[in-house]
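The next block holds one structure in the form of structure tokens; read it before the comments.
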Amino acid sequence: GTVTVEDTELSGNEAAQWGGMAFVERGELHLRGCIVEANTATKGAGFSATAAVIDVQGTSLESNSAVEQGGVYFFEQDGIEVTLRESVLRNNSATFGGVGRIQNLVTAVAEGCTFESNRAAAAAGGGGVFMISQNAALEVEGCWFHNSTAQSGGVTRFYGGVTNISYSVLSHNQENPNFLARPAIQSRELLKSESGSVEVSCTGESCDLIDVQHVSNVTTLVSRRDYGNSESAELHTVGPVTISFDSVFDVEPSASGCGYDFIELSRRNESAMKYCGVEPPPETEVDVDEQFNITWFSDGGKGGEGWSFYVTVRFPSPPPVPPWPPHLPPYPAAPPLETNGSTVIIQPSWYAMEHLSEAIANSYIVNIELYTDVSLTSDLSSVSKELSIIGLCEWRCTIDGAQAFQVLRVTGGGNLTLKNITLRNGLGGLGGALVVDGESSATILQSALLHNSADFGGAIYIL
């Protein structure tokens with residue numbers, strides 16, 4: 001099968017074995033302009049494969065974590081080809097190979113990429129970015145390797161194979177025998193997942209020291225790591241947003257509260273609250289048009305690892321369908337599906353899931369316009385035809401597997417296109433959200449695959 005994913009977030013997915021985000025048994029996976037974040041697996045937290053072509057361009061791969069090998073990818077079968085171009089790989093971790101673990105006849109290429117703060121924890125082996133063995137080949141050109149750490153091999157660790165690194169910069173990478181990798185955040189609820197753009201303004205002497213990142217227009221990350229002395233800044237935002245601090249929080253405490261360094265949160269008509277030490281502030285929701293202020297201050301001594309937080313726009317969900325009234329007769333069968341030629345429009349109703357499954361199975365339907373979230377109570381029909389599902393909710397329409405069902409399967413030469421759709425909470429042995437097999441294909445545009453779980457391929461399985 002072949003899967004192409006563009007302008008999509010793939011976050012918080014989990015595989016008990018290989019491929020936290022995706023596993024490719026046979027076929028191709030293409031990522032363009034995506035966010036791949038906080039996925040977990042035993043091997044290959046981002047993706048893994050047995051026979052595949054994997055092509056990644058303009059994508060952010062961040063905070064993925066493998067228990068054993070390959071914080072982003074793990075490949076050990078002959079013939080696999082993986083290419084990374086103009087992408088950022090940051091804060092990924094594993095026991096071996098903070099970004100990648102490759103062996104046997106695997107070819108990996110990286111061009112114009114940034115590798116920053118990746119970690120490997122093994123006492124022997126390591127490889128803060130790559131671990132390479134046997135007959136594998138790694139080609140790197142025009143990349144930046146910065147601040148990666150391992151107990152052995154700050155950037156790469158070789159046990160055979162061929163590696164060529166050219167026109168690249170390596171800075172502040174460490175080989176530290178006493179290093180213990182800090183665990184990455186495990187499958188946390190990513191606040192960027194259902195968000196739109198948000199603005200954060202800053203006043204104060206230290207605003208230029210605070211890193212503000214707009215990631216693919218969906219969220220704003222504000223962070224200050226390894227802070228210094230005598231810093232002060234105040235950040236302002238307006239609701240409806242959610243403020244959530246990272247679980248890694250280290251601000252110097254004092255014997256009498258937060259008298260030295262502190263984060264202070266304040267809003268209208270409420271007392272300001274100061275936070276320091278290692279316990280982050282609680283998640284906070286800010287109402288529509290309400291201003292929220294975050295003040296940062298450090299005095300003239302000591303310091304700490306710092307803090308980071310996410311500011312996320314909250315979009316209203318489609319109105320929920322009320323439960324079936326208990327005084328009425330039992331829940332009736334779904335009425336016949338109403339079609340307009342080859343197109344079906346699915347509105348909020350008690351029958352949305354049944355209508356979606358029926359439309360997928362109907363050989364005459366090639367377009368589904370979805371105006372409602374759908375929560376599965378059984379498996380949907382398999383896609384074995386040319387079909388597009390377009391979400392027309394105010395933000396994205398969600399198809400929720402309820403942590404009990406695999407969400408979608410494309411088989412028998414089918415070709416599925418998803419746009420403005422979130423697939424979440426899917427559960428399967430192979431692929432929690434999406435399975436694409438044989439000569440079938442799928443294209444995913446401006447969508448999200450969140451918090452899906454499987455043994456292999458937490459979100460996507462290609463065979």
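So you can find residues: chains in the structure tokens are A, B, ... in the order shown, residues in each start at 1, and ligands are numbered from 1 in order.
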
So that I can see what lies close to Gly239 (chain A), please list as a PyMOL selection string the residues with an atom at most 7 Å from it, counting only C-alpha atoms and leaving out residues fewer than 3 positions away in the same chain. chain A and resi 286-291

Apply DSSP to the backbone of this structure and, from region 225-315 of chain A, keep only the residues in strand (DSSP E); write these as a tab-separated table (two decimals) with N, CA and C atoms, in the first residue's frame.
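What ended up in selection_0.tsv:
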```tsv
chain	number	residue	atom	x	y	z
A	225	ARG	N	14.72	27.60	28.57
A	225	ARG	CA	15.48	26.50	29.12
A	225	ARG	C	16.83	27.00	29.61
A	232	SER	N	13.47	39.10	33.29
A	232	SER	CA	12.09	39.48	33.56
A	232	SER	C	11.35	39.67	32.25
A	233	ALA	N	10.14	39.16	32.21
A	233	ALA	CA	9.30	39.30	31.03
A	233	ALA	C	7.87	39.02	31.43
A	234	GLU	N	6.94	39.60	30.69
A	234	GLU	CA	5.52	39.33	30.89
A	234	GLU	C	4.89	39.01	29.55
A	235	LEU	N	4.22	37.87	29.49
A	235	LEU	CA	3.59	37.41	28.26
A	235	LEU	C	2.09	37.56	28.40
A	236	HIS	N	1.44	37.95	27.31
A	236	HIS	CA	0.01	38.23	27.34
A	236	HIS	C	-0.68	37.45	26.22
A	237	THR	N	-1.83	36.88	26.52
A	237	THR	CA	-2.63	36.24	25.50
A	237	THR	C	-4.10	36.45	25.84
A	238	VAL	N	-4.98	36.19	24.89
A	238	VAL	CA	-6.41	36.41	25.06
A	238	VAL	C	-7.15	35.14	24.67
A	241	VAL	N	-8.33	30.21	25.06
A	241	VAL	CA	-7.14	29.40	24.93
A	241	VAL	C	-7.00	28.51	26.16
A	242	THR	N	-6.14	27.52	26.03
A	242	THR	CA	-5.75	26.67	27.15
A	242	THR	C	-4.25	26.82	27.35
A	243	ILE	N	-3.82	27.03	28.60
A	243	ILE	CA	-2.41	27.15	28.95
A	243	ILE	C	-2.00	25.87	29.66
A	244	SER	N	-0.98	25.20	29.16
A	244	SER	CA	-0.53	23.96	29.79
A	244	SER	C	0.99	23.95	29.84
A	245	PHE	N	1.54	23.77	31.04
A	245	PHE	CA	2.99	23.71	31.21
A	245	PHE	C	3.50	22.30	30.99
A	262	PHE	N	10.47	32.80	39.75
A	262	PHE	CA	9.09	32.34	39.75
A	262	PHE	C	8.41	32.61	38.41
A	263	ILE	N	7.37	31.81	38.17
A	263	ILE	CA	6.37	32.07	37.14
A	263	ILE	C	5.11	32.53	37.88
A	264	GLU	N	4.50	33.63	37.41
A	264	GLU	CA	3.28	34.14	38.04
A	264	GLU	C	2.17	34.17	36.99
A	265	LEU	N	1.03	33.60	37.35
A	265	LEU	CA	-0.12	33.58	36.46
A	265	LEU	C	-1.19	34.52	37.01
A	266	SER	N	-1.77	35.35	36.16
A	266	SER	CA	-2.79	36.28	36.64
A	266	SER	C	-3.84	36.51	35.58
A	267	ARG	N	-5.04	36.75	36.07
A	267	ARG	CA	-6.16	37.11	35.21
A	267	ARG	C	-7.06	38.09	35.95
A	273	MET	N	-1.04	34.00	41.12
A	273	MET	CA	-0.44	32.84	41.76
A	273	MET	C	0.98	32.66	41.26
A	274	LYS	N	1.93	32.47	42.21
A	274	LYS	CA	3.33	32.25	41.85
A	274	LYS	C	3.66	30.76	41.94
A	275	TYR	N	4.57	30.32	41.03
A	275	TYR	CA	4.98	28.91	40.99
A	275	TYR	C	6.50	28.84	40.84
A	284	THR	N	-4.72	25.60	32.64
A	284	THR	CA	-5.64	26.70	32.86
A	284	THR	C	-6.40	27.01	31.57
A	285	GLU	N	-7.71	27.16	31.68
A	285	GLU	CA	-8.53	27.55	30.54
A	285	GLU	C	-8.88	29.02	30.66
A	286	VAL	N	-8.71	29.76	29.57
A	286	VAL	CA	-8.98	31.19	29.54
A	286	VAL	C	-10.20	31.42	28.65
A	291	GLN	N	-8.18	38.39	29.05
A	291	GLN	CA	-6.73	38.50	28.95
A	291	GLN	C	-6.08	37.70	30.06
A	292	PHE	N	-5.00	37.03	29.72
A	292	PHE	CA	-4.27	36.21	30.68
A	292	PHE	C	-2.80	36.59	30.62
A	293	ASN	N	-2.18	36.77	31.79
A	293	ASN	CA	-0.79	37.22	31.85
A	293	ASN	C	0.08	36.17	32.53
A	294	ILE	N	1.26	35.99	31.99
A	294	ILE	CA	2.25	35.07	32.55
A	294	ILE	C	3.53	35.87	32.76
A	295	THR	N	3.92	36.02	34.01
A	295	THR	CA	5.11	36.81	34.35
A	295	THR	C	6.26	35.88	34.70
A	296	TRP	N	7.44	36.17	34.14
A	296	TRP	CA	8.65	35.39	34.43
A	296	TRP	C	9.67	36.31	35.09
A	297	PHE	N	10.26	35.81	36.20
A	297	PHE	CA	11.27	36.60	36.91
A	297	PHE	C	12.33	35.67	37.48
A	306	GLY	N	14.52	25.24	33.88
A	306	GLY	CA	13.60	26.15	33.23
A	306	GLY	C	12.21	25.58	33.05
A	307	TRP	N	11.53	26.03	32.00
A	307	TRP	CA	10.12	25.73	31.84
A	307	TRP	C	9.74	25.86	30.36
A	308	SER	N	8.62	25.32	30.02
A	308	SER	CA	8.01	25.55	28.71
A	308	SER	C	6.52	25.35	28.85
A	309	PHE	N	5.74	26.04	28.01
A	309	PHE	CA	4.30	25.84	28.06
A	309	PHE	C	3.70	26.02	26.67
A	310	TYR	N	2.48	25.48	26.53
A	310	TYR	CA	1.76	25.53	25.27
A	310	TYR	C	0.54	26.44	25.43
A	311	VAL	N	0.31	27.29	24.46
A	311	VAL	CA	-0.87	28.14	24.44
A	311	VAL	C	-1.70	27.71	23.23
A	312	THR	N	-2.93	27.30	23.46
A	312	THR	CA	-3.69	26.65	22.41
A	312	THR	C	-5.09	27.24	22.30
A	313	VAL	N	-5.48	27.58	21.10
A	313	VAL	CA	-6.85	28.04	20.86
A	313	VAL	C	-7.82	26.88	21.07
```

Please indicate the distance in Å from CA of His146 (chain A) to CA of Asn64 (chain A), rounded to one decimal place. 17.3 Å

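Here CA of Ala41 (chain A) stands at a distance of 4.7 Å from CA of Gly20 (chain A).
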